[in-house]
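Q: Sharing target02.cif here; it has mmCIF, C-alpha atoms.
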```
data_start
loop_
_atom_site.group_PDB
_atom_site.id
_atom_site.type_symbol
_atom_site.label_atom_id
_atom_site.label_comp_id
_atom_site.auth_asym_id
_atom_site.auth_seq_id
_atom_site.Cartn_x
_atom_site.Cartn_y
_atom_site.Cartn_z
ATOM 1 C CA MET A 1 -37.165 -37.621 -125.150
ATOM 2 C CA ASN A 2 -35.859 -34.116 -125.639
ATOM 3 C CA GLN A 3 -34.741 -32.778 -122.250
ATOM 4 C CA SER A 4 -34.685 -29.180 -123.514
ATOM 5 C CA THR A 5 -38.471 -29.053 -124.091
ATOM 6 C CA GLY A 6 -39.245 -29.144 -120.382
ATOM 7 C CA SER A 7 -38.523 -31.171 -117.349
ATOM 8 C CA ALA A 8 -38.199 -34.892 -117.906
ATOM 9 C CA ARG A 9 -40.413 -35.485 -114.879
ATOM 10 C CA MET A 10 -43.252 -33.461 -116.435
ATOM 11 C CA GLN A 11 -42.777 -35.173 -119.776
ATOM 12 C CA PHE A 12 -43.151 -38.551 -118.057
ATOM 13 C CA ILE A 13 -46.313 -37.352 -116.305
ATOM 14 C CA LEU A 14 -47.861 -36.136 -119.557
ATOM 15 C CA ALA A 15 -46.806 -39.258 -121.467
ATOM 16 C CA GLY A 16 -48.143 -41.395 -118.595
ATOM 17 C CA ILE A 17 -51.564 -39.796 -118.999
ATOM 18 C CA GLY A 18 -51.511 -40.882 -122.640
ATOM 19 C CA VAL A 19 -50.463 -44.435 -121.803
ATOM 20 C CA ILE A 20 -53.248 -44.726 -119.224
ATOM 21 C CA GLU A 21 -55.768 -43.327 -121.694
ATOM 22 C CA GLU A 22 -54.626 -45.835 -124.302
ATOM 23 C CA CYS A 23 -54.025 -48.953 -122.158
ATOM 24 C CA GLY A 24 -56.008 -48.325 -118.992
ATOM 25 C CA ILE A 25 -54.555 -48.306 -115.516
ATOM 26 C CA SER A 26 -54.174 -52.095 -115.489
ATOM 27 C CA GLY A 27 -52.254 -51.997 -118.772
ATOM 28 C CA PHE A 28 -49.980 -49.170 -117.708
ATOM 29 C CA THR A 29 -46.327 -50.123 -117.259
ATOM 30 C CA MET A 30 -43.108 -48.186 -116.916
ATOM 31 C CA ARG A 31 -41.855 -50.106 -119.957
ATOM 32 C CA LYS A 32 -44.725 -48.762 -122.077
ATOM 33 C CA LEU A 33 -44.056 -45.277 -120.748
ATOM 34 C CA ALA A 34 -40.363 -45.500 -121.616
ATOM 35 C CA SER A 35 -41.208 -46.805 -125.076
ATOM 36 C CA ARG A 36 -43.667 -43.955 -125.684
ATOM 37 C CA CYS A 37 -41.005 -41.451 -124.620
ATOM 38 C CA GLY A 38 -38.252 -43.120 -126.635
ATOM 39 C CA VAL A 39 -36.006 -43.649 -123.620
ATOM 40 C CA SER A 40 -34.529 -46.590 -121.777
ATOM 41 C CA ILE A 41 -36.625 -48.419 -119.193
ATOM 42 C CA ALA A 42 -34.319 -46.983 -116.506
ATOM 43 C CA ALA A 43 -35.096 -43.348 -117.405
ATOM 44 C CA PRO A 44 -38.522 -43.057 -115.689
ATOM 45 C CA TYR A 45 -37.050 -44.628 -112.548
ATOM 46 C CA ARG A 46 -34.668 -41.675 -112.227
ATOM 47 C CA HIS A 47 -37.712 -39.525 -111.503
ATOM 48 C CA PHE A 48 -40.192 -41.931 -109.921
ATOM 49 C CA LYS A 49 -39.552 -44.736 -107.467
ATOM 50 C CA ASP A 50 -42.123 -46.965 -109.148
ATOM 51 C CA LYS A 51 -45.328 -47.038 -111.167
ATOM 52 C CA ASP A 52 -47.448 -46.142 -108.126
ATOM 53 C CA GLU A 53 -45.439 -42.988 -107.479
ATOM 54 C CA LEU A 54 -45.842 -41.937 -111.114
ATOM 55 C CA ILE A 55 -49.606 -42.562 -111.023
ATOM 56 C CA PHE A 56 -49.767 -40.510 -107.822
ATOM 57 C CA ALA A 57 -47.909 -37.690 -109.629
ATOM 58 C CA ILE A 58 -50.310 -37.907 -112.586
ATOM 59 C CA ILE A 59 -53.372 -37.642 -110.330
ATOM 60 C CA SER A 60 -51.734 -34.755 -108.441
ATOM 61 C CA TYR A 61 -51.013 -32.971 -111.726
ATOM 62 C CA ILE A 62 -54.659 -33.219 -112.810
ATOM 63 C CA ASN A 63 -55.753 -31.983 -109.371
ATOM 64 C CA GLU A 64 -53.447 -28.968 -109.678
ATOM 65 C CA GLN A 65 -54.847 -28.071 -113.099
ATOM 66 C CA TRP A 66 -58.425 -28.243 -111.825
ATOM 67 C CA TYR A 67 -57.598 -26.476 -108.540
ATOM 68 C CA GLU A 68 -56.281 -23.428 -110.414
ATOM 69 C CA LEU A 69 -59.451 -23.150 -112.486
ATOM 70 C CA GLN A 70 -61.688 -23.521 -109.416
ATOM 71 C CA ASN A 71 -59.675 -20.823 -107.650
ATOM 72 C CA GLU A 72 -60.307 -18.391 -110.492
ATOM 73 C CA VAL A 73 -64.063 -19.006 -110.304
ATOM 74 C CA ILE A 74 -64.145 -18.740 -106.503
ATOM 75 C CA GLN A 75 -62.242 -15.450 -106.586
ATOM 76 C CA ARG A 76 -64.445 -14.050 -109.371
ATOM 77 C CA TYR A 77 -67.637 -14.798 -107.396
ATOM 78 C CA GLU A 78 -66.161 -14.492 -103.931
ATOM 79 C CA ASN A 79 -69.336 -13.588 -102.058
ATOM 80 C CA ASP A 80 -71.873 -15.654 -103.998
ATOM 81 C CA LEU A 81 -71.857 -19.398 -103.177
ATOM 82 C CA ARG A 82 -74.678 -20.203 -105.574
ATOM 83 C CA ARG A 83 -72.912 -18.505 -108.480
ATOM 84 C CA GLN A 84 -69.672 -20.289 -107.522
ATOM 85 C CA LEU A 85 -71.471 -23.631 -107.764
ATOM 86 C CA ILE A 86 -72.975 -22.869 -111.127
ATOM 87 C CA GLU A 87 -69.773 -21.465 -112.626
ATOM 88 C CA ILE A 88 -67.569 -24.230 -111.197
ATOM 89 C CA SER A 89 -69.970 -26.737 -112.761
ATOM 90 C CA MET A 90 -69.714 -24.991 -116.115
ATOM 91 C CA GLU A 91 -65.936 -24.722 -115.851
ATOM 92 C CA TYR A 92 -65.688 -28.439 -115.047
ATOM 93 C CA ILE A 93 -67.523 -29.271 -118.266
ATOM 94 C CA ARG A 94 -65.015 -27.131 -120.181
ATOM 95 C CA PHE A 95 -62.154 -28.768 -118.269
ATOM 96 C CA LEU A 96 -63.391 -32.234 -119.271
ATOM 97 C CA LEU A 97 -63.851 -31.149 -122.895
ATOM 98 C CA HIS A 98 -60.434 -29.494 -123.134
ATOM 99 C CA ASN A 99 -58.718 -32.421 -121.417
ATOM 100 C CA PRO A 100 -60.390 -35.607 -122.646
ATOM 101 C CA HIS A 101 -57.173 -37.481 -121.840
ATOM 102 C CA PHE A 102 -57.793 -36.748 -118.121
ATOM 103 C CA ARG A 103 -61.216 -38.418 -118.074
ATOM 104 C CA HIS A 104 -59.965 -41.968 -117.819
ATOM 105 C CA ILE A 105 -58.031 -41.047 -114.690
ATOM 106 C CA ILE A 106 -60.760 -38.866 -113.167
ATOM 107 C CA THR A 107 -63.373 -41.601 -113.579
ATOM 108 C CA MET A 108 -61.296 -44.683 -112.768
ATOM 109 C CA ARG A 109 -62.632 -46.999 -110.082
ATOM 110 C CA SER A 110 -61.124 -46.857 -106.618
ATOM 111 C CA SER A 111 -60.405 -50.577 -106.691
ATOM 112 C CA VAL A 112 -57.714 -50.188 -109.383
ATOM 113 C CA ILE A 113 -55.557 -47.666 -107.511
ATOM 114 C CA THR A 114 -53.841 -47.566 -104.135
ATOM 115 C CA PRO A 115 -55.576 -45.981 -101.123
ATOM 116 C CA GLU A 116 -53.106 -43.077 -101.245
ATOM 117 C CA GLN A 117 -53.843 -42.496 -104.928
ATOM 118 C CA GLN A 118 -57.567 -42.683 -104.173
ATOM 119 C CA ARG A 119 -57.171 -40.072 -101.422
ATOM 120 C CA VAL A 120 -55.507 -37.683 -103.864
ATOM 121 C CA LYS A 121 -58.040 -38.474 -106.607
ATOM 122 C CA ALA A 122 -60.882 -37.597 -104.209
ATOM 123 C CA GLN A 123 -59.400 -34.116 -103.847
ATOM 124 C CA ILE A 124 -60.499 -33.340 -107.413
ATOM 125 C CA SER A 125 -64.034 -32.718 -106.166
ATOM 126 C CA HIS A 126 -63.305 -31.778 -102.540
ATOM 127 C CA ARG A 127 -63.552 -27.988 -102.949
ATOM 128 C CA SER A 128 -66.784 -28.296 -104.906
ATOM 129 C CA ARG A 129 -68.263 -30.486 -102.178
ATOM 130 C CA VAL A 130 -67.324 -27.901 -99.537
ATOM 131 C CA ILE A 131 -69.047 -25.146 -101.520
ATOM 132 C CA ILE A 132 -72.105 -27.358 -102.070
ATOM 133 C CA ASP A 133 -72.293 -28.074 -98.332
ATOM 134 C CA GLN A 134 -71.940 -24.372 -97.466
ATOM 135 C CA TYR A 135 -74.602 -23.361 -99.971
ATOM 136 C CA CYS A 136 -77.038 -26.077 -98.890
ATOM 137 C CA LYS A 137 -76.642 -25.109 -95.237
ATOM 138 C CA SER A 138 -77.184 -21.444 -96.113
ATOM 139 C CA VAL A 139 -80.583 -22.295 -97.694
ATOM 140 C CA ASN A 140 -81.480 -24.909 -95.053
ATOM 141 C CA MET A 141 -81.408 -27.803 -97.505
ATOM 142 C CA SER A 142 -81.610 -31.249 -95.926
ATOM 143 C CA ASP A 143 -78.722 -33.703 -96.311
ATOM 144 C CA GLU A 144 -80.922 -36.017 -98.365
ATOM 145 C CA ARG A 145 -81.873 -33.187 -100.724
ATOM 146 C CA ARG A 146 -78.208 -32.105 -100.963
ATOM 147 C CA ARG A 147 -77.168 -35.630 -101.963
ATOM 148 C CA LEU A 148 -79.882 -35.711 -104.621
ATOM 149 C CA LYS A 149 -78.922 -32.269 -105.973
ATOM 150 C CA THR A 150 -75.241 -33.234 -106.068
ATOM 151 C CA PHE A 151 -76.081 -36.402 -107.999
ATOM 152 C CA ILE A 152 -78.264 -34.541 -110.494
ATOM 153 C CA VAL A 153 -75.725 -31.766 -111.115
ATOM 154 C CA ARG A 154 -72.845 -34.218 -111.475
ATOM 155 C CA SER A 155 -74.961 -36.223 -113.935
ATOM 156 C CA ILE A 156 -75.606 -33.069 -115.941
ATOM 157 C CA ILE A 157 -71.877 -32.206 -115.943
ATOM 158 C CA TYR A 158 -70.578 -35.622 -117.002
ATOM 159 C CA GLY A 159 -73.472 -36.288 -119.378
ATOM 160 C CA ALA A 160 -73.069 -32.915 -121.098
ATOM 161 C CA ALA A 161 -69.307 -33.359 -121.485
ATOM 162 C CA ILE A 162 -69.716 -36.827 -122.993
ATOM 163 C CA MET A 163 -72.580 -35.777 -125.254
ATOM 164 C CA MET A 164 -70.681 -32.729 -126.529
ATOM 165 C CA ASP A 165 -67.562 -34.798 -127.022
ATOM 166 C CA ASN A 166 -69.347 -37.436 -129.106
ATOM 167 C CA GLY A 167 -71.385 -34.907 -131.095
ATOM 168 C CA GLU A 168 -74.826 -35.564 -129.595
ATOM 169 C CA LEU A 169 -74.842 -31.976 -128.318
ATOM 170 C CA GLU A 170 -73.278 -29.015 -130.061
ATOM 171 C CA ASN A 171 -70.300 -27.512 -128.274
ATOM 172 C CA ASP A 172 -71.605 -23.967 -128.562
ATOM 173 C CA GLU A 173 -72.936 -21.084 -126.497
ATOM 174 C CA ALA A 174 -76.566 -22.171 -126.888
ATOM 175 C CA THR A 175 -75.772 -25.580 -125.393
ATOM 176 C CA PHE A 176 -73.801 -24.035 -122.546
ATOM 177 C CA TYR A 177 -76.691 -21.649 -121.901
ATOM 178 C CA GLY A 178 -79.108 -24.581 -121.613
ATOM 179 C CA ILE A 179 -76.764 -26.485 -119.314
ATOM 180 C CA ARG A 180 -76.271 -23.412 -117.120
ATOM 181 C CA GLU A 181 -80.049 -23.009 -116.888
ATOM 182 C CA ALA A 182 -80.521 -26.670 -115.905
ATOM 183 C CA ILE A 183 -77.847 -26.474 -113.214
ATOM 184 C CA SER A 184 -79.137 -23.131 -111.970
ATOM 185 C CA ARG A 185 -82.669 -24.519 -111.718
ATOM 186 C CA GLU A 186 -81.393 -27.367 -109.543
ATOM 187 C CA PHE A 187 -79.989 -24.871 -107.064
ATOM 188 C CA ASP A 188 -83.223 -22.855 -107.121
ATOM 189 C CA LEU A 189 -85.235 -25.854 -105.976
ATOM 190 C CA THR A 190 -84.571 -26.459 -102.303
#
```
Output the structure of this file as structure tokens.
A:
Amino acid sequence: MNQSTGSARMQFILAGIGVIEECGISGFTMRKLASRCGVSIAAPYRHFKDKDELIFAIISYINEQWYELQNEVIQRYENDLRRQLIEISMEYIRFLLHNPHFRHIITMRSSVITPEQQRVKAQISHRSRVIIDQYCKSVNMSDERRRLKTFIVRSIIYGAAIMMDNGELENDEATFYGIREAISREFDLT
């Protein structure tokens, strides 16, 4: 591992994402990480106490990347909750498409990670949930309807990202226009 290309800690985080994508969380080991980085098995332990701490750092890193993008959308549409929801949804599709290596971590089951890791993983969608709750309250949407809308929009987001990634849908402006319309329609129907 070349120390001059960035911090070793960050290089381990990025390489760890690749190992998890390749081997799954259950197949992830510090030995595989060290091998991928071309360093001794002791090297990752200089930066992380153990595998769990590294996985926590990986989840935190993904959260930080997504948090920055959400912030940009929220600031751009500061006084329009509905527009924030639509644009955050669209940005999340782009985030998933631009970072396919994050998907395995974002979608991993809670049972395969520690409760602390699960708590941090849940933060990925926390801000979006807050905005959804605020919007639904502002239009007097029932909790049951909110849950249904959240399910439908999340299904559109994940389905669109997967379908664009595997070529079933074109990754172009026309597709994004159709997705935006579908998501927008969901928030029109209270």
Q: Using all atoms listed in the file, which of A:Leu33, A:Leu169, A:Leu85, A:Ile113 sits nearest Ile131 (chain A)?
A: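 Among the listed residues, A:Leu85 lies closest to Ile131 (chain A).
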Q: Determine the nearest neighbour of Met90 (chain A) from the options A:Gln70, A:Glu144, A:Gln134, A:Gln117, counting all atoms listed in the file.
A: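 With all atoms listed in the file as the atom set, the closest residue is A:Gln70.
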Q: Could you tell me which of A:Cys23, A:Ile124, A:Ile179, A:Ile41 comes closest to Ile93 (chain A) if we count only C-alpha atoms?
A: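 Using only C-alpha atoms, the shortest distance to Ile93 (chain A) belongs to A:Ile179.
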Q: In file coordinates, which residues lie within 12 Å of (-67.3, -20.8, -104.4) using all atoms listed in the file, given as a short mmCIF file (atom, residue, chain, number, x, y, z; two decimals) with C-alpha atoms, in the coordinates of the input?
A:
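Result file is selection00.cif:
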```cif
data_model
loop_
_atom_site.label_atom_id
_atom_site.label_comp_id
_atom_site.auth_asym_id
_atom_site.auth_seq_id
_atom_site.Cartn_x
_atom_site.Cartn_y
_atom_site.Cartn_z
CA TYR A 67 -57.60 -26.48 -108.54
CA LEU A 69 -59.45 -23.15 -112.49
CA GLN A 70 -61.69 -23.52 -109.42
CA ASN A 71 -59.68 -20.82 -107.65
CA GLU A 72 -60.31 -18.39 -110.49
CA VAL A 73 -64.06 -19.01 -110.30
CA ILE A 74 -64.14 -18.74 -106.50
CA GLN A 75 -62.24 -15.45 -106.59
CA ARG A 76 -64.44 -14.05 -109.37
CA TYR A 77 -67.64 -14.80 -107.40
CA GLU A 78 -66.16 -14.49 -103.93
CA ASN A 79 -69.34 -13.59 -102.06
CA ASP A 80 -71.87 -15.65 -104.00
CA LEU A 81 -71.86 -19.40 -103.18
CA ARG A 82 -74.68 -20.20 -105.57
CA ARG A 83 -72.91 -18.50 -108.48
CA GLN A 84 -69.67 -20.29 -107.52
CA LEU A 85 -71.47 -23.63 -107.76
CA ILE A 86 -72.97 -22.87 -111.13
CA GLU A 87 -69.77 -21.46 -112.63
CA ILE A 88 -67.57 -24.23 -111.20
CA SER A 89 -69.97 -26.74 -112.76
CA HIS A 126 -63.30 -31.78 -102.54
CA ARG A 127 -63.55 -27.99 -102.95
CA SER A 128 -66.78 -28.30 -104.91
CA ARG A 129 -68.26 -30.49 -102.18
CA VAL A 130 -67.32 -27.90 -99.54
CA ILE A 131 -69.05 -25.15 -101.52
CA ILE A 132 -72.10 -27.36 -102.07
CA ASP A 133 -72.29 -28.07 -98.33
CA GLN A 134 -71.94 -24.37 -97.47
CA TYR A 135 -74.60 -23.36 -99.97
#
```
Q: Could you please determine the separation between CA of Ile20 (chain A) and CA of His104 (chain A) in Å, to one decimal place?
A: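 For CA of Ile20 (chain A) relative to CA of His104 (chain A), the distance reads 7.4 Å.
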Q: Find, counting only C-alpha atoms, the residue in A:Gly159, A:Phe28, A:Tyr61, A:Ser138 that gets nearest to Leu96 (chain A).
A: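 Checking each candidate against Leu96 (chain A), we get A:Gly159 as the closest.
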Q: Between CA of Ser7 (chain A) and CA of Glu21 (chain A), what is the distance, to one decimal in Å?
A: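 So the answer is 21.5 Å.
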